[in-house]
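This is run_4.cif. It holds mmCIF, C-alpha atoms and all ligand atoms.
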data_upload
loop_
_atom_site.group_PDB
_atom_site.id
_atom_site.type_symbol
_atom_site.label_atom_id
_atom_site.label_comp_id
_atom_site.auth_asym_id
_atom_site.auth_seq_id
_atom_site.Cartn_x
_atom_site.Cartn_y
_atom_site.Cartn_z
ATOM 1 C CA MET E 2 -4.418 1.183 4.979
ATOM 2 C CA ALA E 3 -4.422 -0.499 8.399
ATOM 3 C CA SER E 4 -7.845 -2.048 7.700
ATOM 4 C CA ALA E 5 -6.618 -3.328 4.330
ATOM 5 C CA MET E 6 -3.628 -5.029 6.005
ATOM 6 C CA ILE E 7 -5.698 -6.473 8.861
ATOM 7 C CA SER E 8 -8.325 -7.788 6.460
ATOM 8 C CA GLY E 9 -5.656 -9.312 4.190
ATOM 9 C CA LEU E 10 -3.977 -10.992 7.153
ATOM 10 C CA ILE E 11 -7.255 -12.391 8.513
ATOM 11 C CA LYS E 12 -8.235 -13.766 5.086
ATOM 12 C CA SER E 13 -4.829 -15.468 4.762
ATOM 13 C CA LYS E 14 -5.494 -17.375 8.034
ATOM 14 C CA SER E 15 -1.747 -17.187 8.728
ATOM 15 C CA LEU E 16 -2.208 -16.275 12.379
ATOM 16 C CA PRO E 17 -5.120 -16.301 14.819
ATOM 17 C CA ALA E 18 -7.117 -13.045 14.702
ATOM 18 C CA GLU E 19 -6.726 -12.488 18.446
ATOM 19 C CA HIS E 20 -2.921 -12.456 18.055
ATOM 20 C CA ILE E 21 -3.281 -9.265 15.990
ATOM 21 C CA LEU E 22 -3.311 -6.377 18.471
ATOM 22 C CA VAL E 23 -4.698 -3.034 17.319
ATOM 23 C CA PHE E 24 -5.125 0.460 18.652
ATOM 24 C CA ASP E 25 -6.859 3.431 17.027
ATOM 25 C CA ARG E 26 -7.227 6.676 18.939
ATOM 26 C CA LYS E 27 -10.961 6.773 18.151
ATOM 27 C CA PRO E 28 -12.656 4.299 20.573
ATOM 28 C CA LYS E 29 -15.344 3.543 17.987
ATOM 29 C CA THR E 30 -12.773 2.643 15.296
ATOM 30 C CA ASN E 31 -11.006 0.479 17.877
ATOM 31 C CA SER E 32 -14.147 -1.470 18.773
ATOM 32 C CA ASP E 33 -15.264 -1.623 15.108
ATOM 33 C CA LEU E 34 -11.922 -3.294 14.225
ATOM 34 C CA HIS E 35 -12.538 -5.874 16.959
ATOM 35 C CA ASP E 36 -16.162 -6.462 15.869
ATOM 36 C CA GLN E 37 -15.312 -6.679 12.171
ATOM 37 C CA PHE E 38 -12.156 -8.802 12.300
ATOM 38 C CA GLY E 39 -12.025 -10.439 15.750
ATOM 39 C CA VAL E 40 -8.661 -8.793 16.459
ATOM 40 C CA THR E 41 -7.687 -7.724 19.992
ATOM 41 C CA ALA E 42 -8.326 -4.018 20.545
ATOM 42 C CA MET E 43 -5.910 -2.509 23.102
ATOM 43 C CA ASP E 44 -6.810 0.260 25.555
ATOM 44 C CA SER E 45 -3.881 2.489 24.633
ATOM 45 C CA ALA E 46 -0.994 2.860 22.215
ATOM 46 C CA ASN E 47 1.389 2.387 25.167
ATOM 47 C CA GLN E 48 -0.178 -0.974 26.004
ATOM 48 C CA LEU E 49 0.195 -2.002 22.352
ATOM 49 C CA ALA E 50 3.848 -0.880 22.353
ATOM 50 C CA GLU E 51 4.597 -2.973 25.436
ATOM 51 C CA LYS E 52 3.135 -6.161 23.918
ATOM 52 C CA ALA E 53 3.893 -6.043 20.184
ATOM 53 C CA ASP E 54 6.690 -8.077 18.581
ATOM 54 C CA TYR E 55 6.188 -6.286 15.240
ATOM 55 C CA LEU E 56 4.490 -2.908 15.588
ATOM 56 C CA ILE E 57 2.996 -1.596 12.338
ATOM 57 C CA ALA E 58 2.466 2.180 12.526
ATOM 58 C CA ALA E 59 -0.191 3.245 10.007
ATOM 59 C CA VAL E 60 -0.933 6.854 10.935
ATOM 60 C CA LYS E 61 -0.532 9.804 8.563
ATOM 61 C CA PRO E 62 3.093 10.751 7.833
ATOM 62 C CA ASN E 63 2.800 14.154 9.567
ATOM 63 C CA ALA E 64 1.639 12.501 12.825
ATOM 64 C CA LEU E 65 4.011 9.550 12.805
ATOM 65 C CA LEU E 66 7.142 10.894 14.500
ATOM 66 C CA GLU E 67 5.193 12.500 17.350
ATOM 67 C CA THR E 68 3.232 9.252 17.821
ATOM 68 C CA LEU E 69 6.409 7.127 17.925
ATOM 69 C CA ASP E 70 8.146 9.590 20.225
ATOM 70 C CA LYS E 71 5.312 9.241 22.752
ATOM 71 C CA LEU E 72 5.547 5.426 22.566
ATOM 72 C CA SER E 73 9.317 5.285 22.860
ATOM 73 C CA SER E 74 9.615 4.673 26.581
ATOM 74 C CA HIS E 75 7.144 1.753 26.359
ATOM 75 C CA LEU E 76 8.879 -0.157 23.567
ATOM 76 C CA ARG E 77 10.929 -3.277 24.099
ATOM 77 C CA LYS E 78 14.415 -3.301 22.536
ATOM 78 C CA GLU E 79 13.605 -6.347 20.379
ATOM 79 C CA THR E 80 10.328 -4.958 18.971
ATOM 80 C CA VAL E 81 10.518 -4.285 15.242
ATOM 81 C CA ILE E 82 8.847 -1.007 14.279
ATOM 82 C CA VAL E 83 7.250 -1.202 10.835
ATOM 83 C CA SER E 84 6.297 2.128 9.258
ATOM 84 C CA VAL E 85 4.048 2.283 6.187
ATOM 85 C CA ALA E 86 4.141 6.099 6.003
ATOM 86 C CA ALA E 87 5.000 7.722 2.687
ATOM 87 C CA GLY E 88 8.041 10.004 2.794
ATOM 88 C CA VAL E 89 9.260 9.306 6.348
ATOM 89 C CA THR E 90 12.852 8.076 6.126
ATOM 90 C CA LEU E 91 14.579 5.457 8.270
ATOM 91 C CA GLU E 92 16.763 8.280 9.588
ATOM 92 C CA SER E 93 13.769 10.386 10.742
ATOM 93 C CA LEU E 94 12.112 7.322 12.236
ATOM 94 C CA ALA E 95 15.306 6.523 14.160
ATOM 95 C CA SER E 96 15.401 10.087 15.505
ATOM 96 C CA ALA E 97 12.030 9.549 17.221
ATOM 97 C CA LEU E 98 12.880 6.106 18.624
ATOM 98 C CA PRO E 99 15.335 4.689 21.173
ATOM 99 C CA LYS E 100 18.892 4.196 19.885
ATOM 100 C CA GLU E 101 19.371 0.881 18.016
ATOM 101 C CA GLN E 102 15.603 0.261 17.699
ATOM 102 C CA LYS E 103 14.850 -2.151 14.864
ATOM 103 C CA ILE E 104 12.946 -0.326 12.090
ATOM 104 C CA ILE E 105 11.514 -1.463 8.750
ATOM 105 C CA ARG E 106 9.913 0.823 6.162
ATOM 106 C CA VAL E 107 7.157 -0.820 4.144
ATOM 107 C CA MET E 108 5.250 0.715 1.242
ATOM 108 C CA PRO E 109 2.083 -1.365 0.712
ATOM 109 C CA ASN E 110 -1.047 -0.570 -1.302
ATOM 110 C CA THR E 111 -4.786 -0.995 -0.691
ATOM 111 C CA PRO E 112 -5.257 -4.170 -2.822
ATOM 112 C CA CYS E 113 -3.816 -5.916 0.301
ATOM 113 C CA LEU E 114 -7.510 -5.955 1.223
ATOM 114 C CA VAL E 115 -8.200 -8.586 -1.467
ATOM 115 C CA GLY E 116 -4.918 -10.485 -1.163
ATOM 116 C CA GLU E 117 -3.348 -8.729 -4.178
ATOM 117 C CA GLY E 118 -1.182 -6.087 -2.529
ATOM 118 C CA MET E 119 2.315 -5.075 -3.638
ATOM 119 C CA SER E 120 4.654 -4.077 -0.809
ATOM 120 C CA SER E 121 8.271 -2.971 -0.663
ATOM 121 C CA ILE E 122 10.304 -3.791 2.445
ATOM 122 C CA THR E 123 13.355 -1.767 3.616
ATOM 123 C CA PRO E 124 15.056 -2.654 6.920
ATOM 124 C CA ASN E 125 17.547 -0.516 8.864
ATOM 125 C CA SER E 126 20.926 -1.907 9.863
ATOM 126 C CA THR E 127 19.818 -3.234 13.270
ATOM 127 C CA VAL E 128 17.184 -5.576 11.780
ATOM 128 C CA THR E 129 18.346 -9.176 11.298
ATOM 129 C CA GLU E 130 17.867 -11.088 8.029
ATOM 130 C CA GLN E 131 15.421 -13.352 9.800
ATOM 131 C CA GLU E 132 13.307 -10.402 10.989
ATOM 132 C CA THR E 133 13.275 -8.968 7.459
ATOM 133 C CA GLU E 134 12.209 -12.380 6.171
ATOM 134 C CA THR E 135 9.402 -12.476 8.766
ATOM 135 C CA VAL E 136 8.073 -9.120 7.534
ATOM 136 C CA VAL E 137 8.371 -10.206 3.877
ATOM 137 C CA THR E 138 6.419 -13.370 4.784
ATOM 138 C CA LEU E 139 3.834 -11.304 6.686
ATOM 139 C CA PHE E 140 3.180 -8.948 3.773
ATOM 140 C CA SER E 141 3.266 -11.889 1.320
ATOM 141 C CA GLN E 142 0.170 -13.266 3.067
ATOM 142 C CA PHE E 143 -1.916 -10.658 1.244
ATOM 143 C CA GLY E 144 -0.003 -10.054 -1.983
ATOM 144 C CA LYS E 145 3.585 -9.806 -3.128
ATOM 145 C CA ALA E 146 6.441 -8.325 -1.107
ATOM 146 C CA GLU E 147 10.037 -7.525 -2.067
ATOM 147 C CA VAL E 148 13.035 -6.024 -0.310
ATOM 148 C CA VAL E 149 14.155 -2.760 -1.976
ATOM 149 C CA SER E 150 16.779 -0.157 -1.087
ATOM 150 C CA GLU E 151 15.506 3.058 0.530
ATOM 151 C CA SER E 152 16.425 5.128 -2.556
ATOM 152 C CA LEU E 153 13.780 3.222 -4.564
ATOM 153 C CA ILE E 154 10.851 3.889 -2.227
ATOM 154 C CA HIS E 155 9.770 7.073 -4.068
ATOM 155 C CA ALA E 156 9.482 5.011 -7.271
ATOM 156 C CA VAL E 157 7.534 2.348 -5.336
ATOM 157 C CA VAL E 158 5.066 5.007 -4.106
ATOM 158 C CA GLY E 159 4.544 6.043 -7.749
ATOM 159 C CA VAL E 160 4.337 2.608 -9.344
ATOM 160 C CA SER E 161 2.347 0.664 -6.713
ATOM 161 C CA GLY E 162 1.562 2.610 -3.478
ATOM 162 C CA SER E 163 -0.504 5.325 -5.155
ATOM 163 C CA ALA E 164 -1.151 3.405 -8.387
ATOM 164 C CA PRO E 165 -4.557 1.904 -7.490
ATOM 165 C CA ALA E 166 -5.986 5.457 -7.697
ATOM 166 C CA TYR E 167 -4.872 5.874 -11.329
ATOM 167 C CA ILE E 168 -6.211 2.435 -12.240
ATOM 168 C CA TYR E 169 -9.600 3.219 -10.667
ATOM 169 C CA ILE E 170 -9.772 6.380 -12.783
ATOM 170 C CA LEU E 171 -8.946 4.275 -15.862
ATOM 171 C CA ILE E 172 -11.679 1.743 -14.982
ATOM 172 C CA GLU E 173 -14.181 4.535 -14.339
ATOM 173 C CA ALA E 174 -13.382 6.193 -17.679
ATOM 174 C CA MET E 175 -13.611 2.858 -19.546
ATOM 175 C CA ALA E 176 -16.965 2.149 -17.901
ATOM 176 C CA ASP E 177 -18.236 5.659 -18.759
ATOM 177 C CA ALA E 178 -17.435 5.049 -22.426
ATOM 178 C CA ALA E 179 -19.185 1.659 -22.318
ATOM 179 C CA VAL E 180 -22.240 3.326 -20.735
ATOM 180 C CA LEU E 181 -22.112 5.901 -23.531
ATOM 181 C CA ALA E 182 -22.291 2.962 -25.952
ATOM 182 C CA GLY E 183 -25.413 1.638 -24.164
ATOM 183 C CA MET E 184 -24.043 -0.828 -21.596
ATOM 184 C CA PRO E 185 -25.685 -0.797 -18.124
ATOM 185 C CA ARG E 186 -23.399 0.824 -15.496
ATOM 186 C CA ALA E 187 -22.851 -2.249 -13.251
ATOM 187 C CA LYS E 188 -21.978 -4.453 -16.213
ATOM 188 C CA ALA E 189 -19.640 -1.753 -17.537
ATOM 189 C CA TYR E 190 -17.608 -1.766 -14.273
ATOM 190 C CA GLN E 191 -17.467 -5.568 -14.335
ATOM 191 C CA PHE E 192 -16.235 -5.705 -17.949
ATOM 192 C CA ALA E 193 -13.715 -2.880 -17.451
ATOM 193 C CA ALA E 194 -12.309 -4.225 -14.159
ATOM 194 C CA GLN E 195 -12.001 -7.784 -15.482
ATOM 195 C CA ALA E 196 -10.243 -6.490 -18.631
ATOM 196 C CA VAL E 197 -7.703 -4.641 -16.414
ATOM 197 C CA LYS E 198 -7.247 -7.648 -14.106
ATOM 198 C CA GLY E 199 -6.806 -10.091 -17.015
ATOM 199 C CA SER E 200 -4.331 -7.798 -18.787
ATOM 200 C CA ALA E 201 -2.251 -7.459 -15.599
ATOM 201 C CA GLU E 202 -2.257 -11.263 -15.161
ATOM 202 C CA MET E 203 -1.008 -11.634 -18.769
ATOM 203 C CA VAL E 204 1.974 -9.370 -18.021
ATOM 204 C CA LEU E 205 2.783 -11.231 -14.780
ATOM 205 C CA GLU E 206 2.257 -14.770 -16.075
ATOM 206 C CA SER E 207 3.535 -14.641 -19.668
ATOM 207 C CA GLY E 208 6.698 -12.650 -18.908
ATOM 208 C CA LYS E 209 6.197 -11.036 -22.334
ATOM 209 C CA HIS E 210 6.940 -7.372 -23.015
ATOM 210 C CA PRO E 211 3.738 -5.298 -22.624
ATOM 211 C CA GLY E 212 4.351 -3.913 -26.135
ATOM 212 C CA GLU E 213 4.205 -7.431 -27.602
ATOM 213 C CA LEU E 214 0.977 -8.173 -25.706
ATOM 214 C CA LYS E 215 -0.451 -4.869 -27.022
ATOM 215 C CA ASP E 216 0.584 -5.794 -30.589
ATOM 216 C CA ASN E 217 -1.259 -9.119 -30.259
ATOM 217 C CA VAL E 218 -4.527 -7.257 -29.613
ATOM 218 C CA CYS E 219 -4.150 -4.922 -32.605
ATOM 219 C CA SER E 220 -5.570 -6.677 -35.676
ATOM 220 C CA PRO E 221 -4.396 -5.036 -38.919
ATOM 221 C CA GLY E 222 -6.925 -2.398 -39.973
ATOM 222 C CA GLY E 223 -8.992 -3.340 -36.891
ATOM 223 C CA THR E 224 -10.628 -1.597 -33.964
ATOM 224 C CA THR E 225 -7.829 -1.632 -31.371
ATOM 225 C CA ILE E 226 -5.263 0.220 -33.457
ATOM 226 C CA GLU E 227 -7.821 3.038 -33.843
ATOM 227 C CA ALA E 228 -7.975 3.301 -30.031
ATOM 228 C CA VAL E 229 -4.178 3.079 -29.739
ATOM 229 C CA ALA E 230 -3.719 5.856 -32.325
ATOM 230 C CA MET E 231 -6.124 8.078 -30.358
ATOM 231 C CA LEU E 232 -4.357 7.303 -27.055
ATOM 232 C CA GLU E 233 -1.044 8.373 -28.619
ATOM 233 C CA GLU E 234 -2.599 11.525 -30.114
ATOM 234 C CA THR E 235 -4.121 12.553 -26.773
ATOM 235 C CA GLY E 236 -0.919 11.866 -24.807
ATOM 236 C CA PHE E 237 -2.012 8.903 -22.683
ATOM 237 C CA ARG E 238 1.516 7.605 -21.999
ATOM 238 C CA SER E 239 2.813 11.078 -21.283
ATOM 239 C CA SER E 240 -0.136 11.776 -18.983
ATOM 240 C CA ILE E 241 0.592 8.644 -16.921
ATOM 241 C CA MET E 242 4.302 9.413 -16.751
ATOM 242 C CA GLN E 243 3.750 13.049 -15.732
ATOM 243 C CA ALA E 244 1.231 12.016 -13.056
ATOM 244 C CA MET E 245 3.707 9.521 -11.631
ATOM 245 C CA GLN E 246 6.538 12.047 -11.718
ATOM 246 C CA ALA E 247 4.349 14.431 -9.653
ATOM 247 C CA CYS E 248 3.606 11.614 -7.198
ATOM 248 C CA ILE E 249 7.284 10.633 -6.909
ATOM 249 C CA ALA E 250 8.308 14.293 -6.461
ATOM 250 C CA LYS E 251 5.774 14.667 -3.620
ATOM 251 C CA SER E 252 7.138 11.554 -1.908
ATOM 252 C CA ASP E 253 10.648 13.025 -2.215
ATOM 253 C CA ALA E 254 9.479 16.425 -0.867
ATOM 254 C CA LEU E 255 7.757 14.773 2.121
ATOM 255 C CA SER E 256 10.997 12.980 3.011
ATOM 256 C CA LYS E 257 12.897 16.325 3.136
ATOM 257 C CA LYS E 258 10.461 18.031 5.565
HETATM 258 N N1 LIG O 1 -4.036 4.813 1.747
HETATM 259 C C1 LIG O 1 -3.122 4.173 1.032
HETATM 260 O O1 LIG O 1 -3.377 3.677 -0.086
HETATM 261 C C2 LIG O 1 -1.720 4.015 1.566
HETATM 262 C C3 LIG O 1 -1.318 4.647 2.716
HETATM 263 N N2 LIG O 1 -0.030 4.498 3.175
HETATM 264 C C4 LIG O 1 0.373 5.133 4.423
HETATM 265 O O2 LIG O 1 -0.478 4.630 5.443
HETATM 266 C C5 LIG O 1 -0.628 5.617 6.454
HETATM 267 C C6 LIG O 1 -2.102 5.783 6.777
HETATM 268 O O3 LIG O 1 -2.746 6.282 5.623
HETATM 269 P P1 LIG O 1 -4.321 6.106 5.428
HETATM 270 O O4 LIG O 1 -4.752 4.763 5.888
HETATM 271 O O5 LIG O 1 -4.599 6.534 4.045
HETATM 272 O O6 LIG O 1 -4.834 7.210 6.480
HETATM 273 P P2 LIG O 1 -6.177 7.263 7.358
HETATM 274 O O7 LIG O 1 -6.296 8.675 7.856
HETATM 275 O O8 LIG O 1 -7.301 6.662 6.603
HETATM 276 O O9 LIG O 1 -5.873 6.302 8.587
HETATM 277 C C7 LIG O 1 -5.045 6.643 9.667
HETATM 278 C C8 LIG O 1 -5.725 6.114 10.919
HETATM 279 O O10 LIG O 1 -4.850 6.251 12.033
HETATM 280 C C9 LIG O 1 -5.577 6.886 13.093
HETATM 281 N N3 LIG O 1 -4.643 7.597 13.956
HETATM 282 C C10 LIG O 1 -4.077 8.805 13.761
HETATM 283 N N4 LIG O 1 -3.252 9.122 14.790
HETATM 284 C C11 LIG O 1 -3.295 8.074 15.641
HETATM 285 C C12 LIG O 1 -2.662 7.777 16.882
HETATM 286 N N5 LIG O 1 -1.832 8.648 17.434
HETATM 287 N N6 LIG O 1 -2.915 6.602 17.465
HETATM 288 C C13 LIG O 1 -3.753 5.723 16.897
HETATM 289 N N7 LIG O 1 -4.407 5.928 15.733
HETATM 290 C C14 LIG O 1 -4.181 7.092 15.107
HETATM 291 C C15 LIG O 1 -6.510 7.813 12.369
HETATM 292 O O11 LIG O 1 -7.515 8.240 13.226
HETATM 293 P P3 LIG O 1 -8.254 9.685 13.025
HETATM 294 O O12 LIG O 1 -9.336 9.418 12.059
HETATM 295 O O13 LIG O 1 -8.711 10.020 14.398
HETATM 296 O O14 LIG O 1 -7.225 10.662 12.495
HETATM 297 C C16 LIG O 1 -7.002 6.908 11.260
HETATM 298 O O15 LIG O 1 -7.987 6.006 11.688
HETATM 299 C C17 LIG O 1 0.020 6.904 5.951
HETATM 300 O O16 LIG O 1 1.244 7.068 6.609
HETATM 301 C C18 LIG O 1 0.213 6.649 4.460
HETATM 302 O O17 LIG O 1 1.371 7.303 3.961
HETATM 303 C C19 LIG O 1 0.885 3.710 2.529
HETATM 304 C C20 LIG O 1 0.550 3.072 1.393
HETATM 305 C C21 LIG O 1 -0.766 3.171 0.785
HETATM 306 O O1 LIG O 2 -1.590 9.252 -0.849
HETATM 307 C C1 LIG O 2 -0.735 8.926 0.006
HETATM 308 O O2 LIG O 2 0.010 9.794 0.521
HETATM 309 C C2 LIG O 2 -0.593 7.487 0.420
HETATM 310 C C3 LIG O 2 0.790 6.953 0.194
HETATM 311 C C4 LIG O 2 0.685 5.948 -0.937
HETATM 312 C C5 LIG O 2 -0.756 5.845 -1.172
HETATM 313 N N1 LIG O 2 -1.432 6.639 -0.418
#

If you took the structure in this file and wrote it as structure tokens, what would it be?
Amino acid sequence: MASAMISGLIKSKSLPAEHILVFDRKPKTNSDLHDQFGVTAMDSANQLAEKADYLIAAVKPNALLETLDKLSSHLRKETVIVSVAAGVTLESLASALPKEQKIIRVMPNTPCLVGEGMSSITPNSTVTEQETETVVTLFSQFGKAEVVSESLIHAVVGVSGSAPAYIYILIEAMADAAVLAGMPRAKAYQFAAQAVKGSAEMVLESGKHPGELKDNVCSPGGTTIEAVAMLEETGFRSSIMQAMQACIAKSDALSKK
């Protein structure tokens, strides 16, 4: 996720690469990030903590609190800690950080890598409006970003954070069926991915209800309604909803650990 954000930020040209400071505990990953993106690789997490204005922590949720706890004594009071971890609440983050530390929870997704991310932003009470705006602007450099209340983050994990995985499965299945019908594999991925991308753009740009857009594709007695009837029979909608409910429940369970 960190690479996706760094890459998105570099591509946006919104700040010089060397102003982005990074640290990964694996020296090779650290130097690879510098070689690949031109960012400044720090020698230690403590050094990063001392210098950063906005510190984005992108380690696994189960390692985050211990990592922040170790950094605590090196942080400046005005540094804004940005956590992208699923299921780690503002309250738990605060418990591992100095009193009154500014904290923002962000839930991004991997399409940040290609400038098409979707990120939610949730500040704690010590963050100023201007600092929240700065983080919204930062994450808007590689996609869309919106402030949401903390209670909605589980839904965000389900509908955008984890969602690229479901869409990739959809694209893979569509391509498999096209291959079954004789289309070469590479072309099948291109056709399937472009169909998904174009359909998403139609929802975002037209503002029309997805049901209306679906109806427009279904010619009477035609091919599409056959596919739609089969999707209903095999429980496609229900499958998506159940998968997302499992995802949302896991996000909720992680936050209660
Ligand atoms: N992947 C996704 O689509 C999304 C992920 N997230 C969140 O992003 C976070 C990272 O997830 P993801 O990128 O998938 O995980 P990865 O395991 O791919 O990346 C985590 C990276 O952090 C490194 N790391 C671990 N501990 C430290 C430390 N103490 N100091 C410095 N670097 C460290 C890891 O190194 P090592 O290999 O040595 O463990 C690894 O390179 C998670 O909290 C997740 O909830 C949020 C939204 C979407
Ligand atoms: O799978 C995960 O836990 C992370 C959080 C959202 C996307 N990936």

Query - His155 of chain E environment, 9 Å, only C-alpha atoms, sequence neighbours closer than 2 positions dropped, as number ranges by chain - result: E: 87-88, 151-153, 157-160, 248-253

Residue subset to file, keeping C-alpha atoms, as a PDB file, keeping the file's coordinate frame:
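This went into out28.pdb:
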ATOM      1  CA  ALA E  87       5.000   7.722   2.687  1.00  0.00           C
ATOM      2  CA  GLY E  88       8.041  10.004   2.794  1.00  0.00           C
ATOM      3  CA  GLU E 151      15.506   3.058   0.530  1.00  0.00           C
ATOM      4  CA  SER E 152      16.425   5.128  -2.556  1.00  0.00           C
ATOM      5  CA  LEU E 153      13.780   3.222  -4.564  1.00  0.00           C
ATOM      6  CA  VAL E 157       7.534   2.348  -5.336  1.00  0.00           C
ATOM      7  CA  VAL E 158       5.066   5.007  -4.106  1.00  0.00           C
ATOM      8  CA  GLY E 159       4.544   6.043  -7.749  1.00  0.00           C
ATOM      9  CA  VAL E 160       4.337   2.608  -9.344  1.00  0.00           C
ATOM     10  CA  CYS E 248       3.606  11.614  -7.198  1.00  0.00           C
ATOM     11  CA  ILE E 249       7.284  10.633  -6.909  1.00  0.00           C
ATOM     12  CA  ALA E 250       8.308  14.293  -6.461  1.00  0.00           C
ATOM     13  CA  LYS E 251       5.774  14.667  -3.620  1.00  0.00           C
ATOM     14  CA  SER E 252       7.138  11.554  -1.908  1.00  0.00           C
ATOM     15  CA  ASP E 253      10.648  13.025  -2.215  1.00  0.00           C
TER      16      ASP E 253
END

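When all atoms listed in the file are used to measure the gap to Met119 of chain E, the shortest distance among E:Pro99, E:Pro165, E:Pro62, E:Gly144 belongs to E:Gly144.
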
Requested in this report: Might you spell out which residues the PyMOL selection byres (((not hetatm)) within 6 of (chain O and resi 1)) would select in the displayed file, as a list of chain:residue names?
Outcome: E:Met2, E:Ala3, E:Phe24, E:Asp25, E:Arg26, E:Lys27, E:Ala59, E:Val60, E:Lys61, E:Pro62, E:Thr68, E:Val85, E:Ala86, E:Ala87, E:Met108, E:Pro109, E:Asn110, E:Thr111, E:Gly162

Residues from the last selection, C-alpha atoms, saved as a CSV table (one decimal), in the coordinates of the input:
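In the end it all went to part_32.csv:
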chain,number,residue,atom,x,y,z
E,2,MET,CA,-4.4,1.2,5.0
E,3,ALA,CA,-4.4,-0.5,8.4
E,24,PHE,CA,-5.1,0.5,18.7
E,25,ASP,CA,-6.9,3.4,17.0
E,26,ARG,CA,-7.2,6.7,18.9
E,27,LYS,CA,-11.0,6.8,18.2
E,59,ALA,CA,-0.2,3.2,10.0
E,60,VAL,CA,-0.9,6.9,10.9
E,61,LYS,CA,-0.5,9.8,8.6
E,62,PRO,CA,3.1,10.8,7.8
E,68,THR,CA,3.2,9.3,17.8
E,85,VAL,CA,4.0,2.3,6.2
E,86,ALA,CA,4.1,6.1,6.0
E,87,ALA,CA,5.0,7.7,2.7
E,108,MET,CA,5.2,0.7,1.2
E,109,PRO,CA,2.1,-1.4,0.7
E,110,ASN,CA,-1.0,-0.6,-1.3
E,111,THR,CA,-4.8,-1.0,-0.7
E,162,GLY,CA,1.6,2.6,-3.5

Query raised in the report: Which of these residues is nearest to ligand LIG 2 (chain O), using all atoms listed in the file: E:Ala201, E:Ala194, E:Ala164, E:Val23?
Result: E:Ala164

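The interatomic distance for the pair atom CA of Ala97 of chain E and atom CA of Ser45 of chain E works out to 18.9 Å.
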
Report summary line: As a check of understanding: the span from atom CA of Gly236 of chain E to atom C1 of ligand LIG 2 (chain O) is 25.0 Å

Produce the centre coordinates and the three edge lengths, each in Å to one decimal, of the box along x, y and z that contains all listed atoms of ligand LIG 2 (chain O) with 4 Å added on each side, as AutoDock Vina command-line options.
--center_x -0.4 --center_y 7.8 --center_z -0.3 --size_x 10.4 --size_y 11.9 --size_z 9.7

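Each of E:Pro112, E:Gly223, E:Pro185, E:Gly212 was compared to ligand LIG 2 (chain O) using only C-alpha atoms and all ligand atoms, and E:Pro112 turns out to be the nearest.
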
**Report entry** Hits of the PyMOL selection byres (((chain E and resi 150) around 9) and not hetatm) in this structure, as JSON, numbers by chain
**Finding:** {"E": [121, 122, 123, 124, 148, 149, 151, 152, 153, 154]}

Requested in this report: Compile the contact shell of Lys100 of chain E as a ChimeraX atom specification: residues with an atom at most 12 Å away, counting all atoms listed in the file, same-chain residues fewer than 5 positions apart removed.
Outcome: /E:73-74,76-79,92,94-95,126-127

Report task. Can you give me, as a PyMOL selection string, the residues this file yields under the PyMOL selection byres (((chain E and resi 46-48) around 6) and not hetatm)? Result -> chain E and resi 24+45+49-51+72+75

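Among the candidates E:Ala156, E:Ala178, E:Thr224, E:Thr80, the one nearest to ligand LIG 2 (chain O) when counting only C-alpha atoms and all ligand atoms is E:Ala156.
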
Report task. Counting all atoms listed in the file, note down every residue that has an atom within 12 Å of the point (-0.9, -11.0, -18.5) (file coordinates), as number ranges by chain. Result -> E: 195-215, 217

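The space separating atom CA of Gly222 of chain E from atom CA of Met175 of chain E comes to 22.1 Å.
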